[in-house]
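Pasting run27.csv here (CSV, C-alpha atoms and all ligand atoms):
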```csv
chain,number,residue,atom,x,y,z
A,203,MET,CA,9.2,21.2,-15.9
A,204,ASN,CA,12.3,20.3,-13.8
A,205,ILE,CA,13.9,17.0,-14.9
A,206,ARG,CA,16.8,15.9,-12.8
A,207,GLU,CA,19.4,13.3,-13.9
A,208,ASP,CA,20.9,10.4,-11.9
A,209,VAL,CA,18.7,10.7,-8.9
A,210,SER,CA,19.0,8.2,-6.0
A,211,LEU,CA,15.9,6.1,-5.7
A,212,ALA,CA,16.6,5.1,-2.1
A,213,THR,CA,14.9,8.3,-1.0
A,214,HIS,CA,11.9,7.2,-3.1
A,215,SER,CA,11.2,4.0,-1.2
A,216,THR,CA,10.4,3.6,2.5
A,217,MET,CA,12.8,0.6,2.5
A,218,ARG,CA,15.5,3.2,1.6
A,219,LEU,CA,17.3,0.9,-0.9
A,220,GLY,CA,17.9,0.9,-4.6
A,221,GLY,CA,20.0,2.3,-7.4
A,222,LYS,CA,19.5,5.6,-9.4
A,223,ALA,CA,16.8,6.9,-11.8
A,224,ARG,CA,18.3,8.1,-15.1
A,225,TYR,CA,15.8,10.9,-14.9
A,226,LEU,CA,13.3,12.0,-12.2
A,227,ALA,CA,10.7,14.8,-12.3
A,228,GLU,CA,7.9,15.9,-10.0
A,229,ALA,CA,4.5,16.6,-11.4
A,230,GLY,CA,2.5,19.3,-9.5
A,231,SER,CA,-0.4,19.6,-11.9
A,232,ASP,CA,-2.3,17.6,-14.6
A,233,THR,CA,-0.7,19.8,-17.3
A,234,GLU,CA,2.8,19.3,-15.9
A,235,LEU,CA,2.2,15.5,-15.8
A,236,GLN,CA,1.2,15.5,-19.4
A,237,GLU,CA,4.2,17.6,-20.4
A,238,ILE,CA,6.6,15.3,-18.5
A,239,VAL,CA,5.2,12.1,-20.1
A,240,ASN,CA,5.4,13.6,-23.6
A,241,TRP,CA,9.0,14.6,-22.9
A,242,ALA,CA,9.8,10.9,-22.1
A,243,LYS,CA,7.8,9.7,-25.1
A,244,GLU,CA,9.8,12.0,-27.5
A,245,ARG,CA,13.0,10.4,-26.2
A,246,GLN,CA,11.6,6.9,-26.2
A,247,LEU,CA,12.3,6.5,-22.5
A,248,LYS,CA,10.4,4.2,-20.2
A,249,PHE,CA,8.4,6.1,-17.6
A,250,ILE,CA,6.6,5.3,-14.3
A,251,ILE,CA,4.6,7.3,-11.8
A,252,ILE,CA,5.2,6.8,-8.1
A,253,GLY,CA,3.9,8.3,-4.9
A,254,GLN,CA,5.8,7.9,-1.6
A,255,GLY,CA,7.5,4.6,-2.5
A,256,SER,CA,5.9,2.8,0.5
A,257,ASN,CA,5.0,-0.2,-1.7
A,258,ILE,CA,8.1,-0.2,-3.8
A,259,VAL,CA,11.4,-2.0,-3.7
A,260,TRP,CA,13.9,-0.6,-6.2
A,261,ARG,CA,16.5,-2.9,-7.6
A,262,ASP,CA,20.2,-2.0,-7.3
A,263,GLU,CA,20.4,-1.4,-11.1
A,264,GLY,CA,18.0,1.5,-10.7
A,265,PHE,CA,15.5,2.7,-13.4
A,266,ASP,CA,16.8,3.4,-16.8
A,267,GLY,CA,14.1,5.8,-17.7
A,268,LEU,CA,12.0,8.6,-16.2
A,269,VAL,CA,10.5,8.3,-12.7
A,270,ILE,CA,7.6,10.8,-12.1
A,271,VAL,CA,6.7,11.7,-8.6
A,272,ASN,CA,3.1,12.6,-8.2
A,273,ASN,CA,2.7,16.0,-6.3
A,274,ILE,CA,-0.7,17.0,-7.6
A,275,PRO,CA,-2.4,18.8,-4.6
A,276,GLY,CA,-6.1,19.3,-3.7
A,277,LYS,CA,-8.6,18.6,-0.9
A,278,GLU,CA,-12.1,20.0,-1.5
A,279,ILE,CA,-15.7,19.3,-0.8
A,280,VAL,CA,-17.5,19.7,-4.1
A,281,ALA,CA,-21.0,18.7,-3.3
A,282,GLU,CA,-23.1,17.8,-0.2
A,283,ASP,CA,-26.6,16.9,0.8
A,284,GLU,CA,-28.1,15.9,4.2
A,285,THR,CA,-26.4,12.5,4.4
A,286,SER,CA,-23.2,12.7,2.4
A,287,ALA,CA,-20.4,14.9,1.0
A,288,THR,CA,-18.5,14.4,-2.2
A,289,VAL,CA,-14.8,15.2,-2.0
A,290,ILE,CA,-12.0,15.5,-4.5
A,291,LEU,CA,-8.5,14.7,-3.4
A,292,GLY,CA,-5.4,15.4,-5.5
A,293,GLY,CA,-3.3,12.3,-6.3
A,294,GLY,CA,-0.2,13.8,-4.7
A,295,GLU,CA,-1.7,14.4,-1.4
A,296,ASN,CA,-0.5,12.4,1.6
A,297,TRP,CA,-3.2,9.8,2.2
A,298,ASP,CA,-3.2,10.0,6.0
A,299,GLU,CA,-3.4,13.8,5.9
A,300,ALA,CA,-6.4,13.5,3.6
A,301,VAL,CA,-8.0,11.1,6.1
A,302,ALA,CA,-7.3,13.6,9.0
A,303,TRP,CA,-8.9,16.4,6.9
A,304,ALA,CA,-12.0,14.4,6.2
A,305,VAL,CA,-12.3,13.4,9.9
A,306,SER,CA,-11.9,17.1,10.9
A,307,LYS,CA,-15.0,17.8,8.8
A,308,ASP,CA,-16.8,14.9,10.7
A,309,LEU,CA,-17.1,12.9,7.5
A,310,SER,CA,-17.0,9.1,7.8
A,311,GLY,CA,-15.8,6.3,5.5
A,312,ILE,CA,-12.0,6.4,5.4
A,313,GLU,CA,-11.2,6.8,9.1
A,314,PHE,CA,-10.5,3.0,9.2
A,315,LEU,CA,-7.7,3.6,6.7
A,316,SER,CA,-5.9,6.0,9.0
A,317,LEU,CA,-2.1,5.9,9.1
A,318,ILE,CA,-1.7,3.9,5.9
A,319,PRO,CA,1.5,5.5,4.3
A,320,GLY,CA,1.5,6.7,0.8
A,321,THR,CA,-0.3,9.1,-1.5
A,322,VAL,CA,-4.0,9.5,-2.5
A,323,GLY,CA,-3.1,8.6,-6.1
A,324,ALA,CA,-1.6,5.2,-5.2
A,325,ALA,CA,-4.5,4.3,-2.9
A,326,PRO,CA,-6.8,2.9,-5.7
A,327,VAL,CA,-3.9,0.9,-7.3
A,328,GLN,CA,-4.0,-1.8,-4.6
A,329,ASN,CA,-7.4,-0.7,-3.2
A,330,ILE,CA,-5.8,0.0,0.2
A,331,GLY,CA,-7.6,-1.6,3.1
A,332,ALA,CA,-7.4,-2.2,6.8
A,333,TYR,CA,-9.7,-2.9,9.8
A,334,GLY,CA,-12.5,-4.3,7.6
A,335,ALA,CA,-12.7,-1.3,5.2
A,336,GLU,CA,-11.2,-0.7,1.8
A,337,LEU,CA,-11.0,2.3,-0.5
A,338,ALA,CA,-13.5,0.9,-2.9
A,339,ASP,CA,-16.2,1.3,-0.2
A,340,THR,CA,-16.2,5.1,-0.6
A,341,LEU,CA,-14.6,5.7,-4.0
A,342,LYS,CA,-17.0,7.2,-6.6
A,343,GLU,CA,-14.5,7.7,-9.4
A,344,VAL,CA,-10.9,8.1,-10.3
A,345,GLY,CA,-9.4,10.9,-12.4
A,346,VAL,CA,-6.7,9.6,-14.7
A,347,TYR,CA,-4.2,10.6,-17.4
A,348,ASP,CA,-4.3,8.0,-20.1
A,349,THR,CA,-0.7,7.8,-21.2
A,350,GLN,CA,-1.7,5.6,-24.2
A,351,ASN,CA,-4.2,8.0,-25.7
A,352,ASP,CA,-2.7,11.2,-24.2
A,353,CYS,CA,-6.0,12.4,-22.6
A,354,PHE,CA,-7.6,12.9,-19.2
A,355,GLU,CA,-10.7,10.9,-18.2
A,356,SER,CA,-12.7,9.6,-15.3
A,357,ILE,CA,-13.2,6.0,-14.5
A,358,LEU,CA,-16.2,5.0,-12.3
A,359,ASN,CA,-15.8,2.7,-9.3
A,360,GLU,CA,-17.5,-0.2,-11.1
A,361,SER,CA,-15.0,0.0,-13.9
A,362,CYS,CA,-11.9,0.0,-11.7
A,363,LYS,CA,-12.1,-3.8,-11.2
A,364,PHE,CA,-11.5,-3.5,-7.5
A,365,SER,CA,-10.8,-6.7,-5.6
A,366,TYR,CA,-8.8,-7.6,-2.5
A,367,ARG,CA,-5.6,-5.4,-2.7
A,368,SER,CA,-6.0,-5.1,-6.4
A,369,SER,CA,-7.6,-3.1,-9.3
A,370,ARG,CA,-7.2,-2.7,-13.1
A,371,PHE,CA,-4.4,-0.2,-12.3
A,372,LYS,CA,-2.3,-3.0,-10.8
A,373,SER,CA,-3.3,-5.8,-13.3
A,374,SER,CA,-4.8,-5.5,-16.8
A,375,ASP,CA,-4.0,-1.7,-17.2
A,376,LYS,CA,-0.8,-1.6,-15.3
A,377,GLY,CA,1.3,1.4,-16.3
A,378,ARG,CA,-1.3,2.9,-18.7
A,379,TYR,CA,-3.2,5.2,-16.4
A,380,MET,CA,-1.7,7.8,-14.0
A,381,ILE,CA,-4.2,8.7,-11.2
A,382,THR,CA,-4.4,12.5,-10.9
A,383,HIS,CA,-7.3,12.7,-8.4
A,384,VAL,CA,-9.9,10.6,-6.6
A,385,VAL,CA,-13.5,11.4,-5.9
A,386,LEU,CA,-15.0,10.0,-2.7
A,387,ARG,CA,-18.5,9.9,-1.3
A,388,LEU,CA,-18.3,10.2,2.5
A,389,ASN,CA,-21.0,9.9,5.0
A,390,LYS,CA,-22.3,12.4,7.5
A,391,SER,CA,-23.7,9.6,9.7
A,392,ARG,CA,-21.4,7.9,12.2
A,393,PRO,CA,-19.7,4.6,11.5
A,394,ALA,CA,-21.8,1.8,12.9
A,395,PRO,CA,-20.7,-1.5,14.6
A,396,PRO,CA,-20.0,-4.4,14.2
A,397,PHE,CA,-16.4,-3.3,13.8
A,398,TYR,CA,-13.3,-5.5,13.0
A,399,ASP,CA,-12.4,-7.6,16.0
A,400,ALA,CA,-9.1,-5.9,17.0
A,401,LEU,CA,-10.8,-2.5,16.7
A,402,GLN,CA,-13.8,-3.5,18.7
A,403,ALA,CA,-11.6,-5.0,21.4
A,404,TYR,CA,-9.7,-1.7,21.6
A,405,LEU,CA,-12.9,0.3,21.8
A,406,ASP,CA,-14.3,-2.0,24.6
A,407,GLU,CA,-11.0,-1.9,26.5
A,408,HIS,CA,-10.9,1.9,26.4
A,409,GLY,CA,-14.7,2.4,27.1
A,410,VAL,CA,-15.3,4.2,23.8
A,411,THR,CA,-19.0,4.0,23.0
A,412,ASP,CA,-19.3,7.3,21.0
A,413,PHE,CA,-18.3,6.1,17.5
A,414,THR,CA,-17.3,9.4,15.9
A,415,PRO,CA,-15.0,9.3,12.9
A,416,ALA,CA,-12.4,11.1,15.2
A,417,ASN,CA,-12.7,8.4,17.9
A,418,ILE,CA,-12.4,5.6,15.3
A,419,ARG,CA,-9.3,7.3,13.8
A,420,GLU,CA,-7.7,7.7,17.2
A,421,ALA,CA,-8.3,4.0,17.9
A,422,VAL,CA,-6.9,2.8,14.6
A,423,ILE,CA,-3.8,5.0,15.0
A,424,ALA,CA,-3.3,3.6,18.5
A,425,ILE,CA,-3.6,0.0,17.4
A,426,ARG,CA,-1.4,0.5,14.3
A,427,SER,CA,1.3,2.4,16.2
A,428,SER,CA,1.5,-0.4,18.8
A,429,LYS,CA,2.1,-3.1,16.2
A,430,LEU,CA,3.9,-1.5,13.2
A,431,PRO,CA,7.2,0.5,13.0
A,432,ASP,CA,7.0,4.1,11.9
A,433,TRP,CA,8.4,4.1,8.4
A,434,ARG,CA,9.7,7.6,8.9
A,435,THR,CA,12.3,6.3,11.5
A,436,VAL,CA,12.5,2.6,10.6
A,437,ALA,CA,13.0,1.7,7.0
A,438,ASN,CA,10.3,-0.8,5.9
A,439,ASN,CA,7.6,-1.6,3.4
A,440,GLY,CA,4.9,-2.7,5.8
A,441,SER,CA,3.8,-6.4,5.3
A,442,PHE,CA,6.4,-7.9,3.0
A,443,PHE,CA,4.5,-11.0,2.0
A,444,THR,CA,0.9,-11.6,1.0
A,445,ASN,CA,-1.3,-14.1,2.8
A,446,PRO,CA,-1.1,-17.3,0.8
A,447,ILE,CA,-4.2,-19.0,-0.4
A,448,ILE,CA,-4.1,-22.8,-0.3
A,449,SER,CA,-6.6,-25.7,-0.7
A,450,GLN,CA,-8.8,-26.7,2.1
A,451,SER,CA,-7.3,-30.2,2.1
A,452,ARG,CA,-3.7,-28.8,2.4
A,453,PHE,CA,-4.9,-26.5,5.2
A,454,ASP,CA,-6.5,-29.5,7.1
A,455,GLU,CA,-3.2,-31.3,6.8
A,456,LEU,CA,-1.2,-28.3,8.1
A,457,LYS,CA,-3.8,-27.8,10.9
A,458,SER,CA,-3.4,-31.4,12.1
A,459,GLN,CA,0.4,-30.8,12.4
A,460,HIS,CA,0.1,-27.2,13.7
A,461,PRO,CA,-3.2,-26.7,15.5
A,462,ASP,CA,-2.6,-23.0,16.1
A,463,ILE,CA,-2.1,-22.1,12.4
A,464,LYS,CA,-4.4,-19.2,11.4
A,465,GLY,CA,-6.6,-19.4,8.3
A,466,TRP,CA,-9.8,-17.9,6.9
A,467,PRO,CA,-12.2,-19.1,4.2
A,468,ALA,CA,-11.2,-17.7,0.8
A,469,GLY,CA,-13.8,-19.0,-1.6
A,470,LYS,CA,-14.9,-22.6,-2.4
A,471,GLY,CA,-12.4,-25.1,-1.2
A,472,LYS,CA,-9.7,-22.5,-0.5
A,473,VAL,CA,-8.2,-21.1,2.7
A,474,LYS,CA,-6.2,-17.9,3.2
A,475,ILE,CA,-3.4,-18.5,5.8
A,476,ALA,CA,-1.7,-15.8,7.8
A,477,ALA,CA,1.8,-15.1,6.3
A,478,GLY,CA,2.8,-13.6,9.6
A,479,TRP,CA,2.1,-16.9,11.4
A,480,LEU,CA,4.3,-18.8,8.8
A,481,VAL,CA,7.2,-16.3,9.1
A,482,GLU,CA,7.0,-16.2,12.9
A,483,ASN,CA,6.8,-20.0,13.2
A,484,ALA,CA,9.7,-20.5,10.8
A,485,GLY,CA,11.7,-18.8,13.5
A,486,PHE,CA,11.9,-15.3,12.1
A,487,LYS,CA,10.2,-13.1,14.7
A,488,GLY,CA,12.4,-10.3,15.8
A,489,VAL,CA,15.4,-11.7,14.0
A,490,HIS,CA,18.5,-9.5,13.3
A,491,ASP,CA,20.4,-10.9,10.4
A,492,GLU,CA,24.0,-9.7,10.6
A,493,ASP,CA,24.9,-11.1,7.1
A,494,THR,CA,22.4,-8.8,5.4
A,495,GLY,CA,21.7,-6.0,7.8
A,496,MET,CA,18.0,-6.9,7.6
A,497,ALA,CA,15.6,-7.8,10.4
A,498,THR,CA,12.0,-8.8,11.1
A,499,TRP,CA,10.0,-6.5,13.4
A,500,GLU,CA,9.7,-7.7,17.0
A,501,LYS,CA,5.9,-7.2,17.2
A,502,GLN,CA,5.0,-8.3,13.6
A,503,ALA,CA,7.3,-10.8,11.8
A,504,LEU,CA,5.7,-10.0,8.5
A,505,VAL,CA,7.4,-6.6,8.5
A,506,LEU,CA,11.0,-6.7,7.1
A,507,VAL,CA,13.1,-3.9,8.4
A,508,ASN,CA,16.3,-2.5,6.8
A,509,GLU,CA,18.6,-1.9,9.8
A,510,HIS,CA,21.9,-1.5,7.9
A,511,ALA,CA,21.6,-3.4,4.6
A,512,ARG,CA,24.0,-2.2,1.9
A,513,SER,CA,21.9,-2.9,-1.1
A,514,THR,CA,18.6,-4.4,-2.4
A,515,ALA,CA,20.6,-7.6,-3.0
A,516,ASP,CA,20.9,-7.9,0.9
A,517,LEU,CA,17.2,-7.5,1.3
A,518,LEU,CA,16.5,-10.1,-1.4
A,519,ALA,CA,19.0,-12.5,0.2
A,520,PHE,CA,17.2,-12.2,3.5
A,521,ARG,CA,13.8,-12.6,1.8
A,522,GLN,CA,15.0,-15.8,0.2
A,523,LYS,CA,16.1,-17.2,3.6
A,524,ILE,CA,12.6,-16.7,4.9
A,525,ILE,CA,10.9,-18.1,1.7
A,526,PHE,CA,13.2,-21.1,1.8
A,527,LYS,CA,12.6,-21.9,5.5
A,528,VAL,CA,8.8,-21.4,5.3
A,529,ASP,CA,8.6,-23.7,2.2
A,530,GLU,CA,10.8,-26.3,3.9
A,531,LEU,CA,8.7,-26.4,7.1
A,532,PHE,CA,5.2,-25.8,5.8
A,533,GLY,CA,5.4,-26.5,2.0
A,534,VAL,CA,4.0,-23.0,1.2
A,535,VAL,CA,5.8,-20.5,-1.1
A,536,LEU,CA,5.5,-17.0,0.1
A,537,GLU,CA,4.9,-14.1,-2.4
A,538,GLN,CA,6.3,-10.6,-2.0
A,539,GLU,CA,3.8,-7.8,-1.5
A,540,PRO,CA,5.8,-4.6,-2.3
A,541,GLU,CA,6.5,-4.3,-6.0
A,542,LEU,CA,10.1,-5.1,-7.1
A,543,LEU,CA,11.0,-2.4,-9.7
A,544,PRO,CA,11.9,-2.3,-12.5
A,601,LIG,C1,4.4,0.6,7.4
A,601,LIG,C2,3.5,0.4,6.3
A,601,LIG,C3,2.1,-0.1,6.5
A,601,LIG,C4,1.3,-0.3,5.4
A,601,LIG,N1,0.0,-0.7,5.7
A,601,LIG,C5,-0.9,-0.9,4.7
A,601,LIG,C6,-2.3,-1.3,5.0
A,601,LIG,O1,-2.7,-1.4,6.2
A,601,LIG,N2,-3.1,-1.5,4.0
A,601,LIG,C7,-2.7,-1.4,2.7
A,601,LIG,O2,-3.5,-1.6,1.7
A,601,LIG,N3,-1.4,-1.0,2.4
A,601,LIG,C8,-0.5,-0.8,3.4
A,601,LIG,N4,0.8,-0.4,3.1
A,601,LIG,C9,1.2,-0.3,1.6
A,601,LIG,C10,1.2,1.1,1.1
A,601,LIG,O3,1.1,2.1,2.1
A,601,LIG,C11,0.1,1.3,0.1
A,601,LIG,O4,0.2,0.4,-1.0
A,601,LIG,C12,0.1,2.8,-0.5
A,601,LIG,O5,-1.1,3.0,-1.2
A,601,LIG,C13,1.3,3.0,-1.4
A,601,LIG,O6,1.3,4.4,-1.7
A,601,LIG,P1,2.6,5.1,-2.3
A,601,LIG,O7,2.2,6.5,-2.6
A,601,LIG,O8,3.7,5.0,-1.4
A,601,LIG,O9,2.8,4.3,-3.6
A,601,LIG,P2,4.2,3.8,-4.3
A,601,LIG,O10,4.8,2.8,-3.4
A,601,LIG,O11,5.0,5.0,-4.7
A,601,LIG,O12,3.6,3.1,-5.6
A,601,LIG,C14,3.0,1.8,-5.5
A,601,LIG,C15,2.5,1.4,-6.9
A,601,LIG,O13,1.4,2.3,-7.3
A,601,LIG,C16,1.8,2.9,-8.5
A,601,LIG,N5,1.3,4.3,-8.5
A,601,LIG,C17,1.7,5.2,-7.5
A,601,LIG,N6,1.1,6.4,-7.7
A,601,LIG,C18,0.3,6.2,-8.8
A,601,LIG,C19,-0.6,7.0,-9.6
A,601,LIG,N7,-0.8,8.3,-9.2
A,601,LIG,N8,-1.2,6.5,-10.7
A,601,LIG,C20,-1.0,5.3,-11.0
A,601,LIG,N9,-0.2,4.4,-10.4
A,601,LIG,C21,0.5,4.9,-9.3
A,601,LIG,C22,3.3,2.8,-8.6
A,601,LIG,O14,3.8,2.8,-10.0
A,601,LIG,C23,3.5,1.4,-8.0
A,601,LIG,O15,3.2,0.4,-8.9
A,601,LIG,C24,1.7,-0.2,4.1
A,601,LIG,C25,3.0,0.2,3.9
A,601,LIG,C26,3.9,0.5,4.9
A,601,LIG,C27,5.3,1.0,4.7
```
Let me see whether you can do it: turn the structure in this file into C-alpha cells.
Amino acid sequence: MNIREDVSLATHSTMRLGGKARYLAEAGSDTELQEIVNWAKERQLKFIIIGQGSNIVWRDEGFDGLVIVNNIPGKEIVAEDETSATVILGGGENWDEAVAWAVSKDLSGIEFLSLIPGTVGAAPVQNIGAYGAELADTLKEVGVYDTQNDCFESILNESCKFSYRSSRFKSSDKGRYMITHVVLRLNKSRPAPPFYDALQAYLDEHGVTDFTPANIREAVIAIRSSKLPDWRTVANNGSFFTNPIISQSRFDELKSQHPDIKGWPAGKGKVKIAAGWLVENAGFKGVHDEDTGMATWEKQALVLVNEHARSTADLLAFRQKIIFKVDELFGVVLEQEPELLP
C-alpha cells in the first residue's frame, strides 16, 4: 500500500485543472482496495474512488481526504457457448482497450462504445452510451466492494437501476460501492441493422456492408475522431452539459421562434433538446475566451476545452457565461454533465 501526500489532482482529470488531494493511493487488487479504504476509515478521512478522471472537474480547493485510483487489471473469457461468451474485465482496465480486446476476439456488443475515455470500473456508474448502445445492454453483473459493510459482492444488472446515463452507483448508492470488475455477456453473432443514423450514414458512404464488430468499431472511431477532440492532447471532459428536458408546450413555443431547434420525445409531454444546439446558437461555437483561457470546440460547441485556464474558477466562470446566455436567449438552464468534486 503506497499512500502519497499532497498530490496534484490536475493529472487526475482530463480537464487538467484542480487543487491537490491530501492523500492519493492506487489500488491494484481487491485486497489492496480494501486495505486502503480501511486505512482511510481508521483516520476518519473522506475517501473516493476514481478512474481516469474523464468525467470529473476538481475544485481548486482540492480533496481533503483520500483519492483512490482504480488500477485493478484483468481481461478474461470465463465461459462460452455457441452463441455467446461471458467475459470479466477488471475495473482499472482502460475501457477502449477492453473494447479493442473483445473486438479482436470477434465478440459483439460493446464495439458501439469504442473510444469512450475512462476505465471499465466507471462505465456502469453513468451507464456509458453512444451510437444507440449502452453498457446495460451487455452487462450481466458488477463486482463491488461495499465500503459500508466492508465486504465484496456481485450486483446483477436488474439491480443496478440503470437508466439513461445513470445507475444506483451515481444516485441512491453514490459513494458506497467501489466497482472492482464487470461481467459482460457478448455475442458471437454480428451486430445487425438498423444502426444509429450517423453510423449508418458513415457505413453507407464508405460502402461497408460486412457488419463485423471490427468494421463497426472502425466506423465509430472514425466518426468520433472527426467530431471530438482527443483528450490526450486537448484538455476536455467531453460533453459539458446534459441535454435539457422541457415540456412539450415550451418546446412548441421555442420551435415557433427557432424552427431549426433539435428535440426528441422524452416521455409523456416532455421533449429532450440538444444542449449542443443551444450552446452553438447562443454564439459559443469555436469561441476562444481570453478572460478565462477556455474555449468551445470548433466542431462541437458542447465540448469545453481548457486552452490555458489558470484554475477551475476560470472554467466555472466560462461555464457561467454560457449558462447565462442560453438562459437569457432560450429560457433554458443548462446543467453540467461532469461531476464537480468535492
Ligand atoms: C472526450 C470525451 C468523450 C466522452 N464521450 C462519452 C460518451 O460518448 N458516452 C458516455 O457515456 N460518456 C462519455 N464521456 C464521459 C466519460 O468518458 C465516462 O463517464 C467514463 O465512464 C468515465 O470514466 P473514468 O474512469 O474517467 O471515470 P472518472 O471520471 O474517474 O469518475 C467518474 C465518476 O465515477 C466514479 N467512479 C470511478 N470509478 C469508479 C469505480 N471503480 N467504482 C465506483 N465509482 C467509480 C467516480 O467517483 C466519479 O463519480 C466522454 C468523456 C470525454 C472526455
Give me, as a PyMOL selection string, the set of residues whose atoms come within 7 Å of any atom of ligand LIG 601 (chain A), counting all atoms listed in the file. chain A and resi 215-216+250-258+272+293+318-325+327-332+367+371-372+377+379-382+430-433+438-441+541
Point-to-point distance in Å for CA of Ala437 (chain A) and CA of Met217 (chain A): 4.6 Å
Taking into account only C-alpha atoms, which residue in the set A:Lys390, A:Glu539, A:Val436, A:Glu455 is nearest to Thr498 (chain A)?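 Among the listed residues, A:Val436 lies closest to Thr498 (chain A).
For the residues A:Val301, A:Val385, A:Leu531, A:Val346, ranking by smallest atom-to-atom distance to Val422 (chain A) using all atoms listed in the file places A:Val301 first.
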Quick one, how far is CA of Asn508 (chain A) from CA of Glu482 (chain A)?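 These two atoms are separated by 17.6 Å.
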Each region 318-364 of chain A residue no farther than 12 Å from region 393-405 of chain A, nearest pair in Å, all atoms listed in the file, as a tab-separated table:
```
residue	atom	partner	partner_atom	distance
A:Ala332	CA	A:Tyr398	CA	9.2
A:Tyr333	CA	A:Tyr398	CA	5.5
A:Gly334	CA	A:Tyr398	CA	5.6
A:Ala335	CA	A:Tyr398	CA	8.9
```
Considering all atoms listed in the file, return as a list in words whatever protein or nucleic-acid residues lie within 9 Å of Gly264 (chain A), sequence-local ones (same chain, fewer than 4 positions apart) excluded.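 Returned residues: Ser210, Leu211, Gly220, Gly221, Lys222, Ala223, Arg224, Trp260, Leu543 and Pro544 of chain A.
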Quick one, how far is CA of Leu480 (chain A) from CA of Arg452 (chain A)?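 Taking CA of Leu480 (chain A) and CA of Arg452 (chain A), their separation equals 14.3 Å.
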